[in-house]
$ cat start.pdb   # PDB, C-alpha atoms
ATOM      1  CA  MET L   1    -118.232-123.403 -74.666
ATOM      2  CA  SER L   2    -118.267-123.178 -78.475
ATOM      3  CA  ASP L   3    -115.133-125.351 -78.650
ATOM      4  CA  MET L   4    -117.349-128.267 -77.551
ATOM      5  CA  LEU L   5    -119.531-127.931 -80.667
ATOM      6  CA  ASN L   6    -119.030-130.071 -83.745
ATOM      7  CA  ASP L   7    -117.986-128.565 -87.092
ATOM      8  CA  LYS L   8    -121.534-128.459 -88.436
ATOM      9  CA  GLU L   9    -122.768-126.491 -85.413
ATOM     10  CA  LEU L  10    -119.818-124.097 -85.614
ATOM     11  CA  VAL L  11    -120.432-123.398 -89.315
ATOM     12  CA  LEU L  12    -124.138-122.833 -88.653
ATOM     13  CA  ASN L  13    -123.333-120.453 -85.779
ATOM     14  CA  TYR L  14    -120.879-118.573 -88.011
ATOM     15  CA  GLN L  15    -123.513-118.269 -90.749
ATOM     16  CA  ASN L  16    -125.754-116.719 -88.083
ATOM     17  CA  GLY L  17    -123.131-114.088 -87.208
ATOM     18  CA  ASP L  18    -121.078-115.743 -84.461
ATOM     19  CA  VAL L  19    -117.491-114.915 -85.496
ATOM     20  CA  ALA L  20    -116.081-116.765 -82.465
ATOM     21  CA  SER L  21    -117.418-120.036 -83.895
ATOM     22  CA  PHE L  22    -115.319-119.590 -87.005
ATOM     23  CA  GLN L  23    -112.259-118.885 -84.863
ATOM     24  CA  VAL L  24    -112.839-122.250 -83.145
ATOM     25  CA  LEU L  25    -112.768-123.941 -86.576
ATOM     26  CA  VAL L  26    -109.547-122.117 -87.438
ATOM     27  CA  ASP L  27    -107.958-123.112 -84.119
ATOM     28  CA  ARG L  28    -109.141-126.689 -84.556
ATOM     29  CA  TYR L  29    -107.645-127.213 -88.020
ATOM     30  CA  GLN L  30    -104.992-124.572 -88.656
ATOM     31  CA  ASN L  31    -102.018-126.817 -87.805
ATOM     32  CA  LYS L  32    -103.198-129.652 -90.028
ATOM     33  CA  ILE L  33    -104.012-127.369 -92.983
ATOM     34  CA  PHE L  34    -100.838-125.293 -92.679
ATOM     35  CA  SER L  35     -98.657-128.415 -92.377
ATOM     36  CA  TYR L  36    -100.288-129.875 -95.485
ATOM     37  CA  ILE L  37     -99.688-126.682 -97.486
ATOM     38  CA  LEU L  38     -96.093-126.333 -96.278
ATOM     39  CA  MET L  39     -95.384-129.981 -97.105
ATOM     40  CA  LEU L  40     -96.381-129.337-100.724
ATOM     41  CA  VAL L  41     -94.970-125.866-101.399
ATOM     42  CA  LYS L  42     -91.860-126.171 -99.195
ATOM     43  CA  ASP L  43     -91.746-122.400 -98.639
ATOM     44  CA  LYS L  44     -93.004-120.891 -95.360
ATOM     45  CA  GLN L  45     -93.979-117.477 -96.759
ATOM     46  CA  LEU L  46     -95.819-119.010 -99.703
ATOM     47  CA  ALA L  47     -97.493-121.485 -97.329
ATOM     48  CA  ASP L  48     -98.619-118.546 -95.147
ATOM     49  CA  ASP L  49    -100.113-116.805 -98.189
ATOM     50  CA  ILE L  50    -101.949-119.906 -99.385
ATOM     51  CA  PHE L  51    -103.120-120.626 -95.832
ATOM     52  CA  GLN L  52    -104.625-117.122 -95.581
ATOM     53  CA  ASP L  53    -106.213-117.469 -99.041
ATOM     54  CA  THR L  54    -107.672-120.830 -98.000
ATOM     55  CA  PHE L  55    -109.508-119.347 -95.034
ATOM     56  CA  LEU L  56    -110.615-116.304 -97.031
ATOM     57  CA  LYS L  57    -112.145-118.629 -99.606
ATOM     58  CA  ILE L  58    -113.787-120.683 -96.861
ATOM     59  CA  ILE L  59    -115.290-117.498 -95.398
ATOM     60  CA  ARG L  60    -116.575-116.373 -98.821
ATOM     61  CA  THR L  61    -118.058-119.813 -99.508
ATOM     62  CA  ILE L  62    -119.842-119.966 -96.157
ATOM     63  CA  LYS L  63    -121.077-116.351 -96.382
ATOM     64  CA  ALA L  64    -122.343-116.932 -99.926
ATOM     65  CA  GLY L  65    -124.432-119.795 -98.573
ATOM     66  CA  VAL L  66    -122.964-122.351-100.996
ATOM     67  CA  TYR L  67    -121.144-124.430 -98.365
ATOM     68  CA  LYS L  68    -122.933-127.747 -98.033
ATOM     69  CA  GLU L  69    -122.367-129.324 -94.647
ATOM     70  CA  GLU L  70    -121.745-133.015 -94.927
ATOM     71  CA  GLY L  71    -119.894-133.333 -91.638
ATOM     72  CA  LYS L  72    -116.601-132.989 -93.468
ATOM     73  CA  PHE L  73    -115.383-129.438 -92.878
ATOM     74  CA  ILE L  74    -111.721-130.514 -92.809
ATOM     75  CA  GLN L  75    -112.006-132.269 -96.180
ATOM     76  CA  PHE L  76    -113.701-129.176 -97.600
ATOM     77  CA  ALA L  77    -110.898-126.964 -96.227
ATOM     78  CA  MET L  78    -108.158-129.310 -97.470
ATOM     79  CA  ARG L  79    -109.718-129.432-100.932
ATOM     80  CA  ILE L  80    -109.698-125.614-101.094
ATOM     81  CA  ALA L  81    -106.054-125.536 -99.929
ATOM     82  CA  HIS L  82    -105.107-128.164-102.483
ATOM     83  CA  ASN L  83    -106.835-126.308-105.323
ATOM     84  CA  LEU L  84    -105.087-123.070-104.359
ATOM     85  CA  ILE L  85    -101.724-124.871-104.382
ATOM     86  CA  ILE L  86    -102.438-126.283-107.849
ATOM     87  CA  ASP L  87    -103.526-122.825-109.041
ATOM     88  CA  HIS L  88    -100.294-121.328-107.713
ATOM     89  CA  PHE L  89     -98.120-123.816-109.580
ATOM     90  CA  ARG L  90    -100.142-123.424-112.760
ATOM     91  CA  LYS L  91     -99.790-119.647-112.610
ATOM     92  CA  ALA L  92     -96.091-119.899-111.884
ATOM     93  CA  LYS L  93     -95.827-122.413-114.770
ATOM     94  CA  ARG L  94     -93.543-124.568-112.743
ATOM     95  CA  LEU L  95     -93.664-127.643-110.603
ATOM     96  CA  PRO L  96     -92.332-127.905-107.063
ATOM     97  CA  MET L  97     -88.571-128.165-107.334
ATOM     98  CA  VAL L  98     -85.889-129.518-105.061
ATOM     99  CA  ASP L  99     -83.597-126.787-103.703
ATOM    100  CA  PRO L 100     -80.767-126.624-106.273
ATOM    101  CA  THR L 101     -78.355-125.163-103.705
ATOM    102  CA  LYS L 102     -78.269-128.416-101.736
ATOM    103  CA  GLU L 103     -75.717-130.591-103.478
ATOM    104  CA  ASP L 104     -75.080-134.219-102.690
ATOM    105  CA  TYR L 105     -71.402-135.035-102.089
ATOM    106  CA  ASP L 106     -69.551-138.327-102.010
ATOM    107  CA  MET L 107     -66.732-139.264 -99.596
ATOM    108  CA  LEU L 108     -64.106-137.555-101.768
ATOM    109  CA  ASP L 109     -66.047-134.281-101.542
ATOM    110  CA  ASN L 110     -66.836-134.352-105.240
ATOM    111  CA  ALA L 111     -70.229-133.274-106.451
ATOM    112  CA  ARG L 112     -72.130-136.505-107.023
ATOM    113  CA  PHE L 113     -74.242-135.049-109.791
ATOM    114  CA  GLN L 114     -72.490-133.063-112.477
ATOM    115  CA  ASP L 115     -74.299-130.167-114.090
ATOM    116  CA  PRO L 116     -76.086-131.523-117.138
ATOM    117  CA  SER L 117     -74.785-130.477-120.522
ATOM    118  CA  ILE L 118     -76.789-127.985-122.585
ATOM    119  CA  GLU L 119     -77.888-130.859-124.816
ATOM    120  CA  GLU L 120     -79.098-132.908-121.831
ATOM    121  CA  GLN L 121     -80.929-129.857-120.446
ATOM    122  CA  ILE L 122     -82.710-129.293-123.755
ATOM    123  CA  VAL L 123     -83.701-132.969-124.015
ATOM    124  CA  THR L 124     -84.925-133.024-120.405
ATOM    125  CA  GLU L 125     -86.887-129.789-120.870
ATOM    126  CA  GLN L 126     -88.464-131.210-124.033
ATOM    127  CA  ILE L 127     -89.479-134.401-122.223
ATOM    128  CA  HIS L 128     -91.031-132.391-119.382
ATOM    129  CA  ASP L 129     -92.774-130.102-121.874
ATOM    130  CA  ASP L 130     -94.163-133.078-123.840
ATOM    131  CA  LEU L 131     -95.340-134.731-120.636
ATOM    132  CA  ARG L 132     -97.062-131.548-119.379
ATOM    133  CA  LYS L 133     -98.842-131.174-122.734
ATOM    134  CA  MET L 134    -100.026-134.782-122.655
ATOM    135  CA  ILE L 135    -101.203-134.457-119.053
ATOM    136  CA  GLU L 136    -103.434-131.553-120.138
ATOM    137  CA  TYR L 137    -105.275-133.943-122.509
ATOM    138  CA  LEU L 138    -106.184-136.352-119.731
ATOM    139  CA  PRO L 139    -109.742-136.297-118.386
ATOM    140  CA  ASP L 140    -110.002-133.918-115.405
ATOM    141  CA  ASP L 141    -110.382-136.660-112.786
ATOM    142  CA  GLN L 142    -107.344-138.580-114.074
ATOM    143  CA  ARG L 143    -105.221-135.433-114.409
ATOM    144  CA  GLU L 144    -106.116-134.353-110.861
ATOM    145  CA  VAL L 145    -105.048-137.680-109.310
ATOM    146  CA  LEU L 146    -101.862-137.859-111.403
ATOM    147  CA  VAL L 147    -100.798-134.335-110.411
ATOM    148  CA  MET L 148    -101.521-134.948-106.728
ATOM    149  CA  ARG L 149     -99.612-138.233-106.737
ATOM    150  CA  MET L 150     -96.645-137.394-108.965
ATOM    151  CA  TYR L 151     -96.071-133.704-108.322
ATOM    152  CA  ASP L 152     -97.600-133.176-104.873
ATOM    153  CA  ASP L 153     -96.340-136.547-103.552
ATOM    154  CA  MET L 154     -99.660-137.321-101.871
ATOM    155  CA  SER L 155    -100.653-140.801-100.746
ATOM    156  CA  PHE L 156    -103.700-142.409-102.357
ATOM    157  CA  LYS L 157    -105.470-142.084 -98.990
ATOM    158  CA  GLU L 158    -104.830-138.320 -98.995
ATOM    159  CA  ILE L 159    -105.935-138.079-102.629
ATOM    160  CA  ALA L 160    -109.124-140.007-101.842
ATOM    161  CA  ASP L 161    -109.868-137.677 -98.911
ATOM    162  CA  VAL L 162    -109.225-134.477-100.869
ATOM    163  CA  THR L 163    -111.192-135.575-103.948
ATOM    164  CA  ASN L 164    -113.929-137.198-101.860
ATOM    165  CA  VAL L 165    -113.691-140.615-103.570
ATOM    166  CA  SER L 166    -112.677-144.090-102.404
ATOM    167  CA  ILE L 167    -109.041-145.177-102.452
ATOM    168  CA  ASN L 168    -109.916-147.740-105.148
ATOM    169  CA  THR L 169    -111.379-144.986-107.326
ATOM    170  CA  ALA L 170    -108.231-142.864-106.856
ATOM    171  CA  LEU L 171    -106.048-145.881-107.736
ATOM    172  CA  GLY L 172    -108.180-146.615-110.788
ATOM    173  CA  ARG L 173    -107.946-143.021-112.010
ATOM    174  CA  MET L 174    -104.158-143.117-111.626
ATOM    175  CA  ARG L 175    -103.977-146.402-113.521
ATOM    176  CA  TYR L 176    -106.077-145.050-116.398
ATOM    177  CA  ALA L 177    -104.063-141.818-116.447
ATOM    178  CA  LEU L 178    -100.831-143.795-116.888
ATOM    179  CA  ILE L 179    -102.404-146.029-119.550
ATOM    180  CA  ASN L 180    -103.640-142.967-121.432
ATOM    181  CA  LEU L 181    -100.251-141.242-121.187
ATOM    182  CA  ARG L 182     -98.536-144.342-122.592
ATOM    183  CA  LYS L 183    -101.024-144.468-125.470
ATOM    184  CA  MET L 184    -100.496-140.774-126.239
ATOM    185  CA  ALA L 185     -96.718-141.161-126.061
ATOM    186  CA  LYS L 186     -96.821-144.156-128.422
ATOM    187  CA  LYS L 187     -99.205-142.431-130.842
ATOM    188  CA  LYS L 188     -97.070-139.274-130.951
ATOM    189  CA  ASN L 189     -93.833-141.287-130.884
ATOM    190  CA  VAL L 190     -92.675-139.438-127.749
ATOM    191  CA  ILE L 191     -89.914-140.997-125.671
ATOM    192  CA  LEU L 192     -90.432-140.142-122.000
ATOM    193  CA  THR L 193     -87.029-141.126-120.649
ATOM    194  CA  VAL L 194     -83.518-139.885-121.133
ATOM    195  CA  ALA L 195     -81.017-142.574-122.114
TER     196      ALA L 195
END

$ encode --input "start.pdb" --output "structure tokens"
Amino acid sequence: MSDMLNDKELVLNYQNGDVASFQVLVDRYQNKIFSYILMLVKDKQLADDIFQDTFLKIIRTIKAGVYKEEGKFIQFAMRIAHNLIIDHFRKAKRLPMVDPTKEDYDMLDNARFQDPSIEEQIVTEQIHDDLRKMIEYLPDDQREVLVMRMYDDMSFKEIADVTNVSINTALGRMRYALINLRKMAKKKNVILTVA
């Protein structure tokens, strides 16, 4: 019966002590939320951990009475998941990486990409370090969109949904973030590409 209720009714029932209503919300959205997390972290165990943390935070928020129902429970849940993913990568001080064990081979069975020299590694690390430092100076809204787009590979529609803004606003924030990064790079005489 409770699976016929809308999200707002389920949250209200849960606030009034009906644990089964919360389970309906979990059942309703767990696949979408877990898939989103897994898509970004690319590690099933880590995705499981962040998924559990997401629902724990949702429970705490609802129980604390600070959840504001706007008919958008899924956006609220996705925003929490996204923030936990960002927190994880900040704490780990790394960005999502491609699996280095998967090499790309050409027809002659030669590794297509040679290991970079120590000099190239140092230059690349310096570029990434400079870029991360500059990103930290961006206004919060611009930094958030840039990180979601560039590092989390989210579409502007997904970014708009998670940040609760229009697609045009998300696009505008990305545009200004890139403009500001270019200005900072020029001012500091930082070259952001490897020749």

$ closest_residue --input "start.pdb" --among "L:Lys57, L:His128, L:Lys63, L:Arg149" --to "L:Gly17" --atoms "all atoms listed in the file"
L:Lys63

$ residues_around --input "start.pdb" --residues "L:Tyr36" --least-positions-apart "2" --cutoff "10 Å" --atoms "all atoms listed in the file" --output "list in words"
Gln30, Asn31, Lys32, Ile33, Phe34, Leu38, Met39, Leu40, Val41, Lys42, Ala47, Phe51, Met78, Ala81, His82 and Met154 of chain L

$ resolve_selection --input "start.pdb" --expression "the PyMOL selection byres ((chain L and resi 55) around 12)" --output "PDB file with C-alpha atoms, in the frame of the given file"
ATOM      1  CA  PHE L  22    -115.319-119.590 -87.005  1.00  0.00           C
ATOM      2  CA  GLN L  23    -112.259-118.885 -84.863  1.00  0.00           C
ATOM      3  CA  LEU L  25    -112.768-123.941 -86.576  1.00  0.00           C
ATOM      4  CA  VAL L  26    -109.547-122.117 -87.438  1.00  0.00           C
ATOM      5  CA  ASP L  27    -107.958-123.112 -84.119  1.00  0.00           C
ATOM      6  CA  TYR L  29    -107.645-127.213 -88.020  1.00  0.00           C
ATOM      7  CA  GLN L  30    -104.992-124.572 -88.656  1.00  0.00           C
ATOM      8  CA  ILE L  33    -104.012-127.369 -92.983  1.00  0.00           C
ATOM      9  CA  PHE L  34    -100.838-125.293 -92.679  1.00  0.00           C
ATOM     10  CA  ASP L  48     -98.619-118.546 -95.147  1.00  0.00           C
ATOM     11  CA  ASP L  49    -100.113-116.805 -98.189  1.00  0.00           C
ATOM     12  CA  ILE L  50    -101.949-119.906 -99.385  1.00  0.00           C
ATOM     13  CA  PHE L  51    -103.120-120.626 -95.832  1.00  0.00           C
ATOM     14  CA  GLN L  52    -104.625-117.122 -95.581  1.00  0.00           C
ATOM     15  CA  ASP L  53    -106.213-117.469 -99.041  1.00  0.00           C
ATOM     16  CA  THR L  54    -107.672-120.830 -98.000  1.00  0.00           C
ATOM     17  CA  LEU L  56    -110.615-116.304 -97.031  1.00  0.00           C
ATOM     18  CA  LYS L  57    -112.145-118.629 -99.606  1.00  0.00           C
ATOM     19  CA  ILE L  58    -113.787-120.683 -96.861  1.00  0.00           C
ATOM     20  CA  ILE L  59    -115.290-117.498 -95.398  1.00  0.00           C
ATOM     21  CA  ARG L  60    -116.575-116.373 -98.821  1.00  0.00           C
ATOM     22  CA  THR L  61    -118.058-119.813 -99.508  1.00  0.00           C
ATOM     23  CA  ILE L  62    -119.842-119.966 -96.157  1.00  0.00           C
ATOM     24  CA  PHE L  73    -115.383-129.438 -92.878  1.00  0.00           C
ATOM     25  CA  ILE L  74    -111.721-130.514 -92.809  1.00  0.00           C
ATOM     26  CA  PHE L  76    -113.701-129.176 -97.600  1.00  0.00           C
ATOM     27  CA  ALA L  77    -110.898-126.964 -96.227  1.00  0.00           C
ATOM     28  CA  MET L  78    -108.158-129.310 -97.470  1.00  0.00           C
ATOM     29  CA  ARG L  79    -109.718-129.432-100.932  1.00  0.00           C
ATOM     30  CA  ILE L  80    -109.698-125.614-101.094  1.00  0.00           C
ATOM     31  CA  ALA L  81    -106.054-125.536 -99.929  1.00  0.00           C
ATOM     32  CA  LEU L  84    -105.087-123.070-104.359  1.00  0.00           C
TER      33      LEU L  84
END

$ atom_distance --input "start.pdb" --atom1 "atom CA of L:Val11" --atom2 "atom CA of L:Val66"
12.0 Å

$ resolve_selection --input "start.pdb" --expression "the PyMOL selection byres ((chain L and resi 161) around 12)" --output "ChimeraX atom specification"
/L:72-79,82,145,148,154-160,162-170

$ atom_distance --input "start.pdb" --atom1 "atom CA of L:Phe89" --atom2 "atom CA of L:Glu144"
13.3 Å

$ atom_distance --input "start.pdb" --atom1 "atom CA of L:Asp141" --atom2 "atom CA of L:Ala177"
8.9 Å

$ closest_residue --input "start.pdb" --among "L:Asp3, L:Asp130, L:Asp152, L:Asp43" --to "L:Ile86" --atoms "all atoms listed in the file"
L:Asp152

$ resolve_selection --input "start.pdb" --expression "the PyMOL selection byres ((chain L and resi 8) around 10)" --output "list of chain:residue names"
L:Leu5, L:Asn6, L:Asp7, L:Glu9, L:Leu10, L:Val11, L:Leu12, L:Asn13, L:Tyr14, L:Lys68, L:Glu69, L:Glu70, L:Gly71, L:Lys72, L:Phe73
